[in-house]
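A.B. asks: Input query-v7.txt, format and content: compact mmCIF, C-alpha atoms.
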```
# COMPACT_ATOMS: atom_id res chain seq x y z
CA MET A 1431 15.05 -18.42 29.86
CA GLU A 1432 14.02 -17.93 26.23
CA LEU A 1433 10.76 -17.47 24.33
CA ILE A 1434 11.11 -19.31 21.05
CA HIS A 1435 7.70 -20.94 20.54
CA ARG A 1436 4.92 -18.81 19.08
CA ASN A 1437 2.10 -20.62 20.88
CA LEU A 1438 3.71 -19.75 24.24
CA ALA A 1439 3.81 -16.05 23.32
CA ILE A 1440 0.13 -16.20 22.32
CA GLY A 1441 -0.72 -17.97 25.59
CA ILE A 1442 1.09 -15.29 27.64
CA HIS A 1443 -0.69 -12.55 25.65
CA ASP A 1444 -4.15 -14.04 26.23
CA ALA A 1445 -3.53 -14.64 29.94
CA LEU A 1446 -2.32 -11.04 30.44
CA GLN A 1447 -5.33 -9.67 28.55
CA GLU A 1448 -7.68 -11.67 30.77
CA THR A 1449 -5.91 -10.66 34.00
CA PHE A 1450 -5.68 -6.94 33.21
CA PHE A 1451 -8.94 -6.31 31.37
CA GLU A 1452 -11.58 -8.81 32.48
CA LYS A 1453 -13.52 -8.32 35.69
CA ASN A 1454 -12.68 -10.47 38.74
CA LYS A 1455 -9.98 -12.46 36.94
CA TYR A 1456 -7.04 -13.26 39.23
CA ALA A 1457 -3.60 -14.16 37.92
CA ASP A 1458 -3.23 -17.46 39.78
CA LYS A 1459 -6.53 -18.81 38.43
CA VAL A 1460 -5.89 -17.44 34.91
CA ILE A 1461 -2.51 -19.16 34.63
CA GLU A 1462 -3.91 -22.37 36.13
CA ARG A 1463 -6.59 -22.48 33.42
CA LEU A 1464 -4.10 -21.67 30.67
CA LEU A 1465 -1.75 -24.49 31.67
CA LYS A 1466 -4.66 -26.94 32.00
CA ALA A 1467 -5.81 -26.05 28.49
CA HIS A 1468 -2.36 -26.80 27.03
CA LYS A 1469 -1.61 -30.28 28.27
CA LYS A 1470 0.99 -30.81 25.53
CA TRP A 1471 3.32 -28.11 26.87
CA GLY A 1472 6.32 -29.67 28.61
CA SER A 1473 7.53 -28.66 32.06
CA GLN A 1474 10.10 -26.28 30.54
CA ASP A 1475 7.41 -24.53 28.45
CA ARG A 1476 5.16 -24.20 31.51
CA ALA A 1477 7.98 -22.69 33.53
CA VAL A 1478 8.71 -20.14 30.76
CA VAL A 1479 5.04 -19.14 30.45
CA SER A 1480 4.51 -18.82 34.22
CA GLU A 1481 7.67 -16.84 34.85
CA ILE A 1482 7.19 -14.35 32.00
CA PHE A 1483 3.45 -13.96 32.80
CA TYR A 1484 4.05 -13.21 36.49
CA ASN A 1485 7.08 -10.97 35.88
CA ILE A 1486 5.15 -8.83 33.39
CA ILE A 1487 2.32 -8.41 35.92
CA ARG A 1488 4.86 -7.60 38.62
CA TRP A 1489 6.71 -4.99 36.54
CA LYS A 1490 3.76 -3.57 34.57
CA LYS A 1491 4.25 0.08 35.57
CA ARG A 1492 7.96 0.02 34.84
CA LEU A 1493 7.35 -1.67 31.48
CA GLU A 1494 4.71 0.94 30.62
CA TYR A 1495 7.38 3.59 31.14
CA TYR A 1496 9.71 1.79 28.71
CA MET A 1497 6.82 1.43 26.22
CA GLY A 1498 5.94 5.10 26.51
CA GLU A 1499 2.24 4.33 27.04
CA GLY A 1500 -0.16 2.55 29.35
CA VAL A 1501 -1.21 -1.03 28.70
CA LYS A 1502 -4.34 -1.41 26.57
CA PRO A 1503 -6.03 -4.54 25.18
CA ASP A 1504 -4.42 -3.87 21.77
CA ASN A 1505 -0.79 -3.29 22.84
CA ILE A 1506 -0.05 -6.31 25.03
CA TYR A 1507 2.49 -7.69 22.54
CA LYS A 1508 4.37 -4.40 22.91
CA LEU A 1509 4.31 -4.92 26.70
CA ILE A 1510 5.72 -8.44 26.20
CA ILE A 1511 8.50 -7.08 23.93
CA ALA A 1512 9.36 -4.39 26.52
CA TYR A 1513 9.74 -7.12 29.14
CA LEU A 1514 11.84 -9.38 26.86
CA LEU A 1515 14.20 -6.50 26.05
CA TRP A 1516 14.46 -5.29 29.65
CA SER A 1517 15.08 -8.78 31.05
CA LYS A 1518 17.44 -9.64 28.16
CA THR A 1519 15.35 -12.73 27.37
CA ASN A 1520 16.20 -14.42 24.08
CA TYR A 1521 13.15 -14.47 21.78
CA LYS A 1522 12.09 -15.17 18.19
CA LYS A 1523 10.47 -12.41 16.11
CA PHE A 1524 6.94 -13.81 15.77
CA GLU A 1525 4.48 -12.14 13.37
CA GLU A 1526 2.57 -10.81 16.41
CA PHE A 1527 5.60 -8.58 17.11
CA ASP A 1528 5.55 -7.03 13.59
CA GLY A 1529 5.26 -3.26 13.52
CA ILE A 1530 6.31 -2.74 17.15
CA LYS A 1531 8.95 0.03 17.24
CA ILE A 1532 11.60 -1.26 19.60
CA ALA A 1533 14.06 1.62 19.05
CA ASP A 1534 12.23 3.91 21.53
CA ILE A 1535 12.12 1.13 24.15
CA LEU A 1536 15.86 0.49 23.70
CA THR A 1537 16.65 4.22 24.02
CA LYS A 1538 14.91 4.34 27.41
CA LEU A 1539 16.55 1.10 28.56
CA LYS A 1540 20.01 2.47 27.70
CA LYS A 1541 19.42 5.47 30.01
CA ASN A 1542 19.10 2.97 32.89
CA THR A 1543 17.10 5.39 35.03
CA VAL A 1544 13.40 5.87 35.80
CA PRO A 1545 11.72 9.12 36.87
CA THR A 1546 9.85 8.07 40.06
CA LYS A 1547 10.05 5.58 42.92
CA ALA A 1548 6.63 4.24 41.97
CA ILE A 1549 7.93 3.38 38.48
CA GLU A 1550 11.16 1.94 39.90
CA HIS A 1551 9.25 -0.46 42.18
CA SER A 1552 6.36 -0.83 39.71
CA ILE A 1553 3.45 0.17 41.94
CA PRO A 1554 0.70 2.79 41.59
CA GLU A 1555 1.69 6.32 42.71
CA TRP A 1556 -0.94 6.30 45.49
CA LEU A 1557 0.54 3.08 46.91
CA ALA A 1558 4.09 4.50 46.95
CA GLU A 1559 2.73 7.45 48.96
CA THR A 1560 0.80 5.19 51.36
CA LEU A 1561 3.78 2.89 51.97
CA GLU A 1562 6.13 5.81 52.57
CA LYS A 1563 3.66 7.47 54.95
CA GLU A 1564 3.05 4.28 56.96
CA LEU A 1565 6.45 2.56 56.88
CA GLY A 1566 8.84 5.50 56.60
CA PRO A 1567 12.18 5.16 54.79
CA GLY A 1568 12.14 1.34 55.13
CA TRP A 1569 9.30 1.03 52.60
CA GLU A 1570 11.64 0.62 49.61
CA LYS A 1571 13.43 -2.35 51.17
CA GLU A 1572 10.04 -4.05 51.65
CA MET A 1573 8.91 -3.22 48.12
CA HIS A 1574 12.16 -4.62 46.76
CA ALA A 1575 11.44 -7.90 48.60
CA LEU A 1576 7.81 -7.94 47.43
CA ASN A 1577 8.95 -7.83 43.79
CA GLU A 1578 10.87 -11.09 44.17
CA GLN A 1579 9.38 -14.50 43.44
CA ALA A 1580 7.93 -16.23 46.49
CA PRO A 1581 9.56 -19.51 47.55
CA THR A 1582 7.33 -22.61 47.69
CA VAL A 1583 6.86 -23.67 51.30
CA LEU A 1584 4.88 -26.69 52.46
CA ARG A 1585 3.48 -27.47 55.90
CA ALA A 1586 4.07 -31.08 56.86
CA ASN A 1587 0.77 -32.44 58.19
CA SER A 1588 1.72 -33.67 61.68
CA LEU A 1589 -1.44 -35.84 61.78
CA LYS A 1590 0.26 -38.07 59.19
CA THR A 1591 3.99 -37.34 58.94
CA THR A 1592 7.01 -35.30 60.06
CA PRO A 1593 9.05 -32.78 58.03
CA LYS A 1594 11.96 -35.26 57.77
CA GLU A 1595 9.70 -38.10 56.56
CA LEU A 1596 8.02 -35.73 54.10
CA ILE A 1597 11.38 -34.62 52.67
CA SER A 1598 12.29 -38.27 52.15
CA ASP A 1599 8.92 -39.07 50.48
CA LEU A 1600 9.23 -36.05 48.17
CA SER A 1601 12.81 -36.99 47.30
CA ASP A 1602 11.54 -40.40 46.12
CA GLU A 1603 9.31 -38.48 43.70
CA GLY A 1604 12.11 -36.24 42.42
CA VAL A 1605 11.25 -33.18 44.52
CA VAL A 1606 14.16 -31.72 46.52
CA ALA A 1607 13.18 -29.96 49.77
CA TYR A 1608 14.67 -28.96 53.12
CA THR A 1609 13.52 -27.94 56.62
CA VAL A 1610 13.32 -24.27 57.66
CA ARG A 1611 14.93 -23.10 60.90
CA ASN A 1612 12.48 -21.87 63.57
CA TYR A 1613 9.47 -23.18 61.63
CA PRO A 1614 8.67 -26.61 63.14
CA ASP A 1615 6.39 -27.86 60.33
CA ALA A 1616 7.84 -26.03 57.32
CA VAL A 1617 9.50 -27.69 54.35
CA GLN A 1618 10.85 -25.51 51.52
CA LEU A 1619 11.32 -26.61 47.91
CA GLU A 1620 14.70 -26.23 46.26
CA GLU A 1621 12.94 -25.11 43.06
CA LYS A 1622 9.37 -24.62 41.86
CA LYS A 1623 7.59 -27.91 41.14
CA ASN A 1624 3.97 -28.92 40.68
CA VAL A 1625 3.71 -30.71 44.02
CA PHE A 1626 -0.03 -31.31 43.56
CA LEU A 1627 0.81 -34.22 41.26
CA THR A 1628 2.78 -36.06 43.96
CA THR A 1629 1.53 -39.10 45.85
CA ALA A 1630 2.55 -37.31 49.06
CA PHE A 1631 -0.02 -34.58 48.28
CA LYS A 1632 -2.78 -37.03 47.36
CA GLU A 1633 -2.19 -38.86 50.65
CA GLY A 1634 -2.60 -35.61 52.61
CA LEU A 1635 0.97 -35.45 53.91
CA PHE A 1636 1.25 -31.69 53.36
CA GLU A 1637 -0.43 -28.44 52.42
CA VAL A 1638 1.18 -25.56 50.55
CA GLN A 1639 1.38 -22.81 53.17
CA ASP A 1640 3.88 -19.96 53.48
CA ALA A 1641 6.19 -20.07 56.51
CA SER A 1642 4.84 -16.75 57.88
CA SER A 1643 1.29 -18.05 57.71
CA GLN A 1644 2.35 -21.15 59.69
CA LYS A 1645 3.33 -18.91 62.62
CA ILE A 1646 -0.31 -17.99 63.26
CA GLY A 1647 -1.47 -21.46 64.36
CA TYR A 1648 1.26 -21.57 67.01
CA PHE A 1649 0.57 -17.98 68.06
CA LEU A 1650 -3.05 -18.84 68.93
CA ASP A 1651 -1.75 -21.25 71.59
CA VAL A 1652 -4.44 -23.92 71.05
CA LYS A 1653 -4.76 -26.95 73.35
CA GLU A 1654 -6.26 -30.40 72.78
CA GLY A 1655 -9.94 -30.55 73.67
CA GLN A 1656 -10.64 -26.83 73.28
CA ARG A 1657 -13.42 -25.22 71.28
CA VAL A 1658 -11.78 -23.09 68.62
CA VAL A 1659 -13.35 -20.83 66.00
CA ASP A 1660 -11.62 -19.83 62.77
CA ALA A 1661 -13.85 -16.88 61.94
CA CYS A 1662 -12.64 -16.07 58.40
CA ALA A 1663 -11.60 -19.60 57.47
CA GLY A 1664 -11.63 -19.34 53.68
CA ALA A 1665 -10.41 -22.56 52.10
CA GLY A 1666 -8.91 -23.53 55.43
CA GLY A 1667 -5.10 -23.44 55.32
CA LYS A 1668 -4.87 -22.20 58.91
CA THR A 1669 -7.90 -24.28 60.05
CA LEU A 1670 -6.09 -27.46 59.01
CA HIS A 1671 -2.95 -26.37 60.85
CA LEU A 1672 -5.01 -25.80 64.02
CA ALA A 1673 -6.56 -29.29 63.66
CA ALA A 1674 -3.05 -30.78 63.47
CA LEU A 1675 -1.83 -28.75 66.46
CA MET A 1676 -4.85 -30.00 68.45
CA GLY A 1677 -4.14 -33.61 67.45
CA ASN A 1678 -7.72 -33.88 66.15
CA LYS A 1679 -9.00 -33.50 69.74
CA GLY A 1680 -11.61 -30.87 70.57
CA GLN A 1681 -13.70 -28.90 68.09
CA ILE A 1682 -12.90 -26.35 65.41
CA VAL A 1683 -15.77 -24.34 63.96
CA ALA A 1684 -14.73 -22.92 60.58
CA LEU A 1685 -16.81 -19.92 59.53
CA ASP A 1686 -16.89 -18.07 56.23
CA ILE A 1687 -19.30 -16.02 54.12
CA PHE A 1688 -18.54 -18.08 50.98
CA GLU A 1689 -20.00 -21.55 50.67
CA TRP A 1690 -17.57 -22.63 47.91
CA LYS A 1691 -14.58 -21.89 50.17
CA LEU A 1692 -16.03 -24.05 52.95
CA ALA A 1693 -16.70 -26.85 50.43
CA GLU A 1694 -13.01 -26.72 49.45
CA LEU A 1695 -12.06 -26.76 53.15
CA LYS A 1696 -14.11 -29.96 53.65
CA ARG A 1697 -12.29 -31.62 50.74
CA ARG A 1698 -8.91 -30.60 52.12
CA ALA A 1699 -9.81 -31.72 55.66
CA LYS A 1700 -10.80 -35.15 54.38
CA ARG A 1701 -7.49 -35.53 52.55
CA ALA A 1702 -5.57 -34.32 55.62
CA GLY A 1703 -7.40 -36.68 57.99
CA ALA A 1704 -8.60 -33.73 60.10
CA HIS A 1705 -11.83 -34.94 61.76
CA ASN A 1706 -12.51 -32.23 64.35
CA ILE A 1707 -13.62 -29.48 61.94
CA GLU A 1708 -17.21 -28.36 61.48
CA THR A 1709 -18.00 -25.77 58.79
CA ARG A 1710 -20.70 -23.12 59.15
CA MET A 1711 -21.56 -20.50 56.58
CA ILE A 1712 -22.17 -17.00 57.95
CA THR A 1713 -25.59 -16.25 56.48
CA ASP A 1714 -26.60 -13.72 59.16
CA ASN A 1715 -25.60 -12.42 62.62
CA LYS A 1716 -27.36 -15.33 64.34
CA VAL A 1717 -24.52 -17.67 63.36
CA ILE A 1718 -22.12 -15.51 65.39
CA LYS A 1719 -24.61 -14.85 68.23
CA ARG A 1720 -25.07 -18.58 68.88
CA LEU A 1721 -21.37 -18.76 69.70
CA HIS A 1722 -21.27 -15.78 72.10
CA ASP A 1723 -19.24 -16.53 75.28
CA LYS A 1724 -18.65 -20.14 74.19
CA VAL A 1725 -15.20 -20.20 72.61
CA ASP A 1726 -11.74 -20.92 74.11
CA ARG A 1727 -9.74 -19.69 71.13
CA LEU A 1728 -10.69 -17.44 68.22
CA LEU A 1729 -8.73 -16.77 65.05
CA ILE A 1730 -9.67 -13.64 63.10
CA ASP A 1731 -7.61 -13.80 59.91
CA ALA A 1732 -9.18 -10.56 58.74
CA PRO A 1733 -9.84 -9.45 55.17
CA CYS A 1734 -7.08 -6.97 54.30
CA SER A 1735 -5.22 -5.17 51.51
CA GLY A 1736 -2.98 -8.23 50.97
CA LEU A 1737 0.07 -5.99 50.62
CA GLY A 1738 2.22 -8.51 52.51
CA VAL A 1739 1.66 -11.20 49.87
CA LEU A 1740 2.39 -9.29 46.64
CA LYS A 1741 5.21 -11.78 45.96
CA ARG A 1742 2.59 -14.41 45.14
CA ASN A 1743 -0.32 -12.14 44.12
CA PRO A 1744 1.36 -9.32 42.15
CA ASP A 1745 -1.85 -8.51 40.24
CA SER A 1746 -3.61 -7.34 43.41
CA LYS A 1747 -1.61 -4.09 43.45
CA TRP A 1748 -3.35 -3.14 40.18
CA LYS A 1749 -6.81 -4.14 41.47
CA ILE A 1750 -6.96 -2.23 44.78
CA ASP A 1751 -6.97 1.51 45.54
CA GLN A 1752 -6.91 3.78 48.59
CA ASP A 1753 -10.72 3.69 48.82
CA PHE A 1754 -10.57 -0.11 49.05
CA ILE A 1755 -8.06 0.10 51.92
CA ASP A 1756 -10.20 2.67 53.75
CA ARG A 1757 -13.26 0.42 53.35
CA ILE A 1758 -11.42 -2.71 54.47
CA LYS A 1759 -10.17 -0.93 57.63
CA LYS A 1760 -13.78 -0.20 58.65
CA GLU A 1761 -14.64 -3.84 57.97
CA GLN A 1762 -11.69 -5.05 60.08
CA GLN A 1763 -12.81 -2.98 63.06
CA GLN A 1764 -16.41 -4.20 62.66
CA ILE A 1765 -15.29 -7.84 62.53
CA LEU A 1766 -13.16 -7.37 65.67
CA GLN A 1767 -16.13 -5.80 67.50
CA ASP A 1768 -18.68 -8.44 66.43
CA TYR A 1769 -16.62 -11.61 66.50
CA SER A 1770 -14.71 -11.00 69.76
CA LYS A 1771 -18.00 -11.58 71.62
CA MET A 1772 -17.64 -15.30 70.88
CA LEU A 1773 -14.76 -15.59 73.39
CA LYS A 1774 -15.32 -16.87 76.92
CA VAL A 1775 -13.75 -14.93 79.77
CA GLY A 1776 -10.17 -16.26 79.89
CA GLY A 1777 -10.32 -17.13 76.19
CA LYS A 1778 -7.75 -15.80 73.73
CA MET A 1779 -7.94 -14.56 70.17
CA VAL A 1780 -5.49 -13.75 67.43
CA TYR A 1781 -6.15 -10.84 65.08
CA ALA A 1782 -4.05 -11.44 61.95
CA THR A 1783 -3.64 -9.91 58.50
CA CYS A 1784 -1.35 -10.44 55.52
CA SER A 1785 -0.82 -6.67 55.33
CA ILE A 1786 2.28 -4.67 56.27
CA LEU A 1787 0.41 -1.40 56.96
CA PRO A 1788 0.29 -0.37 60.65
CA SER A 1789 -3.15 1.17 59.97
CA GLU A 1790 -4.51 -2.33 59.29
CA ASN A 1791 -2.50 -3.97 62.05
CA ASN A 1792 -1.37 -2.63 65.43
CA LEU A 1793 -3.45 0.56 65.06
CA GLN A 1794 -6.59 -1.57 64.60
CA VAL A 1795 -5.72 -3.54 67.74
CA GLU A 1796 -5.11 -0.31 69.72
CA GLU A 1797 -8.45 1.08 68.54
CA PHE A 1798 -10.25 -2.14 69.55
CA LEU A 1799 -8.63 -2.27 73.02
CA LYS A 1800 -9.44 1.41 73.63
CA ASN A 1801 -13.14 0.70 73.05
CA ASN A 1802 -13.28 -2.74 74.73
CA THR A 1803 -11.90 -2.66 78.26
CA GLY A 1804 -12.78 -6.33 78.87
CA PHE A 1805 -9.85 -7.36 76.66
CA LYS A 1806 -6.12 -7.13 77.23
CA PHE A 1807 -3.18 -7.21 74.83
CA ILE A 1808 -0.71 -10.07 75.38
CA LYS A 1809 1.81 -9.88 72.52
CA GLU A 1810 2.22 -9.26 68.79
CA ASP A 1811 4.48 -10.45 66.00
CA LYS A 1812 5.22 -8.77 62.71
CA VAL A 1813 6.91 -10.52 59.80
CA MET A 1814 8.15 -8.23 57.04
CA PRO A 1815 8.67 -9.41 53.43
CA SER A 1816 12.37 -8.48 53.61
CA GLN A 1817 12.76 -11.36 56.11
CA GLY A 1818 12.23 -13.77 53.19
CA TYR A 1819 8.61 -14.91 53.48
CA ASP A 1820 5.19 -13.25 53.25
CA GLY A 1821 4.43 -10.13 55.25
CA PHE A 1822 2.11 -10.92 58.17
CA TYR A 1823 0.89 -9.35 61.39
CA MET A 1824 -0.59 -11.13 64.40
CA ALA A 1825 -1.72 -9.93 67.84
CA LEU A 1826 -2.74 -12.17 70.76
CA ILE A 1827 -5.53 -10.72 72.90
CA GLU A 1828 -7.20 -12.20 76.01
CA ARG A 1829 -10.73 -11.62 77.21
CA VAL A 1830 -10.42 -10.77 80.91
CA SER A 1831 -14.01 -9.82 81.85
```
Can the structure in the file be given as structure tokens, please?
C.D. replies:
Amino acid sequence: MELIHRNLAIGIHDALQETFFEKNKYADKVIERLLKAHKKWGSQDRAVVSEIFYNIIRWKKRLEYYMGEGVKPDNIYKLIIAYLLWSKTNYKKFEEFDGIKIADILTKLKKNTVPTKAIEHSIPEWLAETLEKELGPGWEKEMHALNEQAPTVLRANSLKTTPKELISDLSDEGVVAYTVRNYPDAVQLEEKKNVFLTTAFKEGLFEVQDASSQKIGYFLDVKEGQRVVDACAGAGGKTLHLAALMGNKGQIVALDIFEWKLAELKRRAKRAGAHNIETRMITDNKVIKRLHDKVDRLLIDAPCSGLGVLKRNPDSKWKIDQDFIDRIKKEQQQILQDYSKMLKVGGKMVYATCSILPSENNLQVEEFLKNNTGFKFIKEDKVMPSQGYDGFYMALIERVS
């Protein structure tokens, strides 16, 4: 890995500035736009830009320590230099790096120690405290895993193909992939590739979906012909998996509060050949009330802190705070209370989050069951980031009266 082209350094600078200092700008969308705007960059250049951009976001707090100051709009090149020196990345001395004193950075790097755990793992101090309080001594192992790059995992669309056939089709297009043990539909890439350019993608043979996330569809225990609601469907990764597991038989009602997400879901469903999905935007409580007592299966993939998916969204740790987590916990409980009424007696629901905090997970389920005696707990599953994929929690609950 080396940074020897000036226009790449400028691109990284501008993308970091946008991510850190502009409102509602998320790293994945920022980098997507940057790469689209520079069509002449080769695949090697794109890989360099993406890796350095994401690693700097990931290690921001640690790099600020080496810099001796916090990141500001006017010192991003210093942040980039701190990263290049720390990661021992070969680079050219572009004019943008003029005047940056690297001696102080090198002095700190030579010491090879950092003063706090929060700096070591590059997270805000409040988050280090929260993780330690909720996870105990194991929190550092999880944080270590969350600072690694996420693997690219695909879900073979069983409406159109099998994992083995998909691997063969991808291989024909120069993409090397393999199956994943204990994940029936998962196919993992040997190395990062832009799979959206493949014919296999355009033909709807797969979706990009982390292995942990693929567990949820199976956990909900859907059957052909059932009426299923995905209550926080978003752009529909899990909705599409449910459609495949149901063999396109029965009905899936995909709900969300954002119209643009449901529009994206419709596009994806068409490509995947999933015909049993109906989208409904939640404009008011009536949308939920119309479904009361009518649903066989309910998926509540609740809004959460997202702390289980920092591997792929490292910028979110700089965008949330303890107040946000406290607010989201109230919202989770409210959603459980309101949406669970859609289930028929004998129906089952999964409450899931991509958080690793017990206060967003099993404690929410315990609170709900304490206040709703018509429901009973069946089982739960918890996937921690140190197991190799995203951190996820899921609980299966049955309505008994």
A.B. asks: Ranking A:Ser1789, A:Thr1537, A:Thr1543, A:Asn1802 by minimum distance to A:Asp1756 and counting all atoms listed in the file, which one comes first?
C.D. replies: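 Under the stated criterion, the closest residue is A:Ser1789.
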A.B. asks: Please tabulate, as JSON lines, the residues of stretch 1627-1736 of chain A that come within 9 Å of stretch 1576-1593 of chain A, each with its closest pair of atoms and the distance in Å to one decimal, counting all atoms listed in the file and ordering rows by chain, then residue number upward.
C.D. replies:
```
{"residue": "A:Glu1633", "atom": "CA", "partner": "A:Lys1590", "partner_atom": "CA", "distance": 8.9}
{"residue": "A:Gly1634", "atom": "CA", "partner": "A:Asn1587", "partner_atom": "CA", "distance": 7.2}
{"residue": "A:Leu1635", "atom": "CA", "partner": "A:Asn1587", "partner_atom": "CA", "distance": 5.2}
{"residue": "A:Phe1636", "atom": "CA", "partner": "A:Ala1586", "partner_atom": "CA", "distance": 4.5}
{"residue": "A:Glu1637", "atom": "CA", "partner": "A:Arg1585", "partner_atom": "CA", "distance": 5.3}
{"residue": "A:Val1638", "atom": "CA", "partner": "A:Leu1584", "partner_atom": "CA", "distance": 4.3}
{"residue": "A:Gln1639", "atom": "CA", "partner": "A:Leu1584", "partner_atom": "CA", "distance": 5.3}
{"residue": "A:Asp1640", "atom": "CA", "partner": "A:Val1583", "partner_atom": "CA", "distance": 5.2}
{"residue": "A:Ala1641", "atom": "CA", "partner": "A:Val1583", "partner_atom": "CA", "distance": 6.4}
{"residue": "A:Gln1644", "atom": "CA", "partner": "A:Arg1585", "partner_atom": "CA", "distance": 7.5}
{"residue": "A:Leu1670", "atom": "CA", "partner": "A:Asn1587", "partner_atom": "CA", "distance": 8.5}
{"residue": "A:His1671", "atom": "CA", "partner": "A:Asn1587", "partner_atom": "CA", "distance": 7.6}
{"residue": "A:Ala1673", "atom": "CA", "partner": "A:Leu1589", "partner_atom": "CA", "distance": 8.5}
{"residue": "A:Ala1674", "atom": "CA", "partner": "A:Leu1589", "partner_atom": "CA", "distance": 5.6}
{"residue": "A:Leu1675", "atom": "CA", "partner": "A:Ser1588", "partner_atom": "CA", "distance": 7.7}
{"residue": "A:Gly1677", "atom": "CA", "partner": "A:Leu1589", "partner_atom": "CA", "distance": 6.7}
{"residue": "A:Asn1678", "atom": "CA", "partner": "A:Leu1589", "partner_atom": "CA", "distance": 7.9}
{"residue": "A:Ala1702", "atom": "CA", "partner": "A:Asn1587", "partner_atom": "CA", "distance": 7.1}
{"residue": "A:Gly1703", "atom": "CA", "partner": "A:Leu1589", "partner_atom": "CA", "distance": 7.1}
{"residue": "A:Ala1704", "atom": "CA", "partner": "A:Leu1589", "partner_atom": "CA", "distance": 7.7}
```
A.B. asks: Please dump the current selection as a compact mmCIF listing (two decimals), keeping the file's coordinate frame; keep C-alpha atoms.
C.D. replies:
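Output file again-v4.txt follows:
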```txt
# COMPACT_ATOMS: atom_id res chain seq x y z
CA GLU A 1633 -2.19 -38.86 50.65
CA GLY A 1634 -2.60 -35.61 52.61
CA LEU A 1635 0.97 -35.45 53.91
CA PHE A 1636 1.25 -31.69 53.36
CA GLU A 1637 -0.43 -28.44 52.42
CA VAL A 1638 1.18 -25.56 50.55
CA GLN A 1639 1.38 -22.81 53.17
CA ASP A 1640 3.88 -19.96 53.48
CA ALA A 1641 6.19 -20.07 56.51
CA GLN A 1644 2.35 -21.15 59.69
CA LEU A 1670 -6.09 -27.46 59.01
CA HIS A 1671 -2.95 -26.37 60.85
CA ALA A 1673 -6.56 -29.29 63.66
CA ALA A 1674 -3.05 -30.78 63.47
CA LEU A 1675 -1.83 -28.75 66.46
CA GLY A 1677 -4.14 -33.61 67.45
CA ASN A 1678 -7.72 -33.88 66.15
CA ALA A 1702 -5.57 -34.32 55.62
CA GLY A 1703 -7.40 -36.68 57.99
CA ALA A 1704 -8.60 -33.73 60.10
```
A.B. asks: If you count only C-alpha atoms, which residues fall within 10 Å of A:Lys1571, apart from same-chain ones fewer than 4 positions away, as a list in words?
C.D. replies: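 The contact residues come out as Pro1567, Ala1575, Leu1576, Met1814, Pro1815 and Ser1816 of chain A.
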A.B. asks: Atom CA of A:Tyr1648 and atom CA of A:Ala1699 are how many Å apart?
C.D. replies: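 Atom CA of A:Ala1699 lies at a distance of 18.8 Å from atom CA of A:Tyr1648.
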A.B. asks: For A:Met1779, work out the shell of residues within 7 Å, counting all atoms listed in the file and skipping chain neighbours fewer than 2 positions away, then give it as number ranges by chain.
C.D. replies: A: 1650, 1727-1729, 1777, 1781, 1826-1828
A.B. asks: Kindly give the distance, in Å, that separates atom CA of A:Phe1754 and atom CA of A:Ala1548, rounded to a single decimal.
C.D. replies: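 Interatomic distance, atom CA of A:Phe1754 to atom CA of A:Ala1548: 19.1 Å.
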A.B. asks: Near stretch 1492-1497 of chain A, within 7 Å and counting only C-alpha atoms, which residues show up once chain neighbours fewer than 3 positions away are dropped, as a compact mmCIF listing (two decimals) with C-alpha atoms, in the frame of the given file?
C.D. replies:
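Now in out-v6.txt:
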```txt
# COMPACT_ATOMS: atom_id res chain seq x y z
CA TRP A 1489 6.71 -4.99 36.54
CA GLY A 1500 -0.16 2.55 29.35
CA VAL A 1501 -1.21 -1.03 28.70
CA LEU A 1509 4.31 -4.92 26.70
CA ALA A 1512 9.36 -4.39 26.52
CA TYR A 1513 9.74 -7.12 29.14
CA ILE A 1535 12.12 1.13 24.15
CA LYS A 1538 14.91 4.34 27.41
CA LEU A 1539 16.55 1.10 28.56
CA ILE A 1549 7.93 3.38 38.48
CA GLU A 1550 11.16 1.94 39.90
CA SER A 1552 6.36 -0.83 39.71
```
A.B. asks: Write out as a CSV table (one decimal) with C-alpha atoms, keeping the file's coordinate frame which residues come within 7 Å of stretch 1693-1698 of chain A when counting only C-alpha atoms, dropping same-chain ones fewer than 4 positions away.
C.D. replies:
```csv
chain,number,residue,atom,x,y,z
A,1665,ALA,CA,-10.4,-22.6,52.1
A,1666,GLY,CA,-8.9,-23.5,55.4
A,1689,GLU,CA,-20.0,-21.6,50.7
A,1702,ALA,CA,-5.6,-34.3,55.6
```
A.B. asks: Quick one: residues within 10 Å of (-14.7, -19.3, 58.2) (file frame), counting only C-alpha atoms, please, as a ChimeraX atom specification.
C.D. replies: /A:1659-1666,1669,1683-1689,1691-1692,1695,1708-1712,1729-1731
A.B. asks: Enter the distance from atom CA of A:Asp1528 to atom CA of A:Ala1457, in Å, rounded to one decimal.
C.D. replies: 27.0 Å
A.B. asks: I'd like the contact shell of stretch 1765-1775 of chain A - 7 Å cut-off, only C-alpha atoms, skipping same-chain residues fewer than 2 positions apart - returned as a ChimeraX atom specification.
C.D. replies: /A:1718,1721-1728,1761-1763,1777,1829-1831
A.B. asks: Which of these residues is nearest to A:Asp1753, using all atoms listed in the file: A:Ser1517, A:Thr1560, A:Ser1480, A:Gln1817?
C.D. replies: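 Selected residue with least distance to A:Asp1753: A:Thr1560.
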A.B. asks: Taking all atoms listed in the file into account, which of A:Ile1597, A:Ala1630, A:Leu1464, A:Ile1786 comes nearest A:Leu1740?
C.D. replies: A:Ile1786
A.B. asks: Considering only C-alpha atoms, state which residue in the set A:Asp1811, A:Trp1569, A:Ile1553, A:Asn1715 is at the smallest distance from A:Ile1646.
C.D. replies: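 Using only C-alpha atoms, the shortest distance to A:Ile1646 belongs to A:Asp1811.
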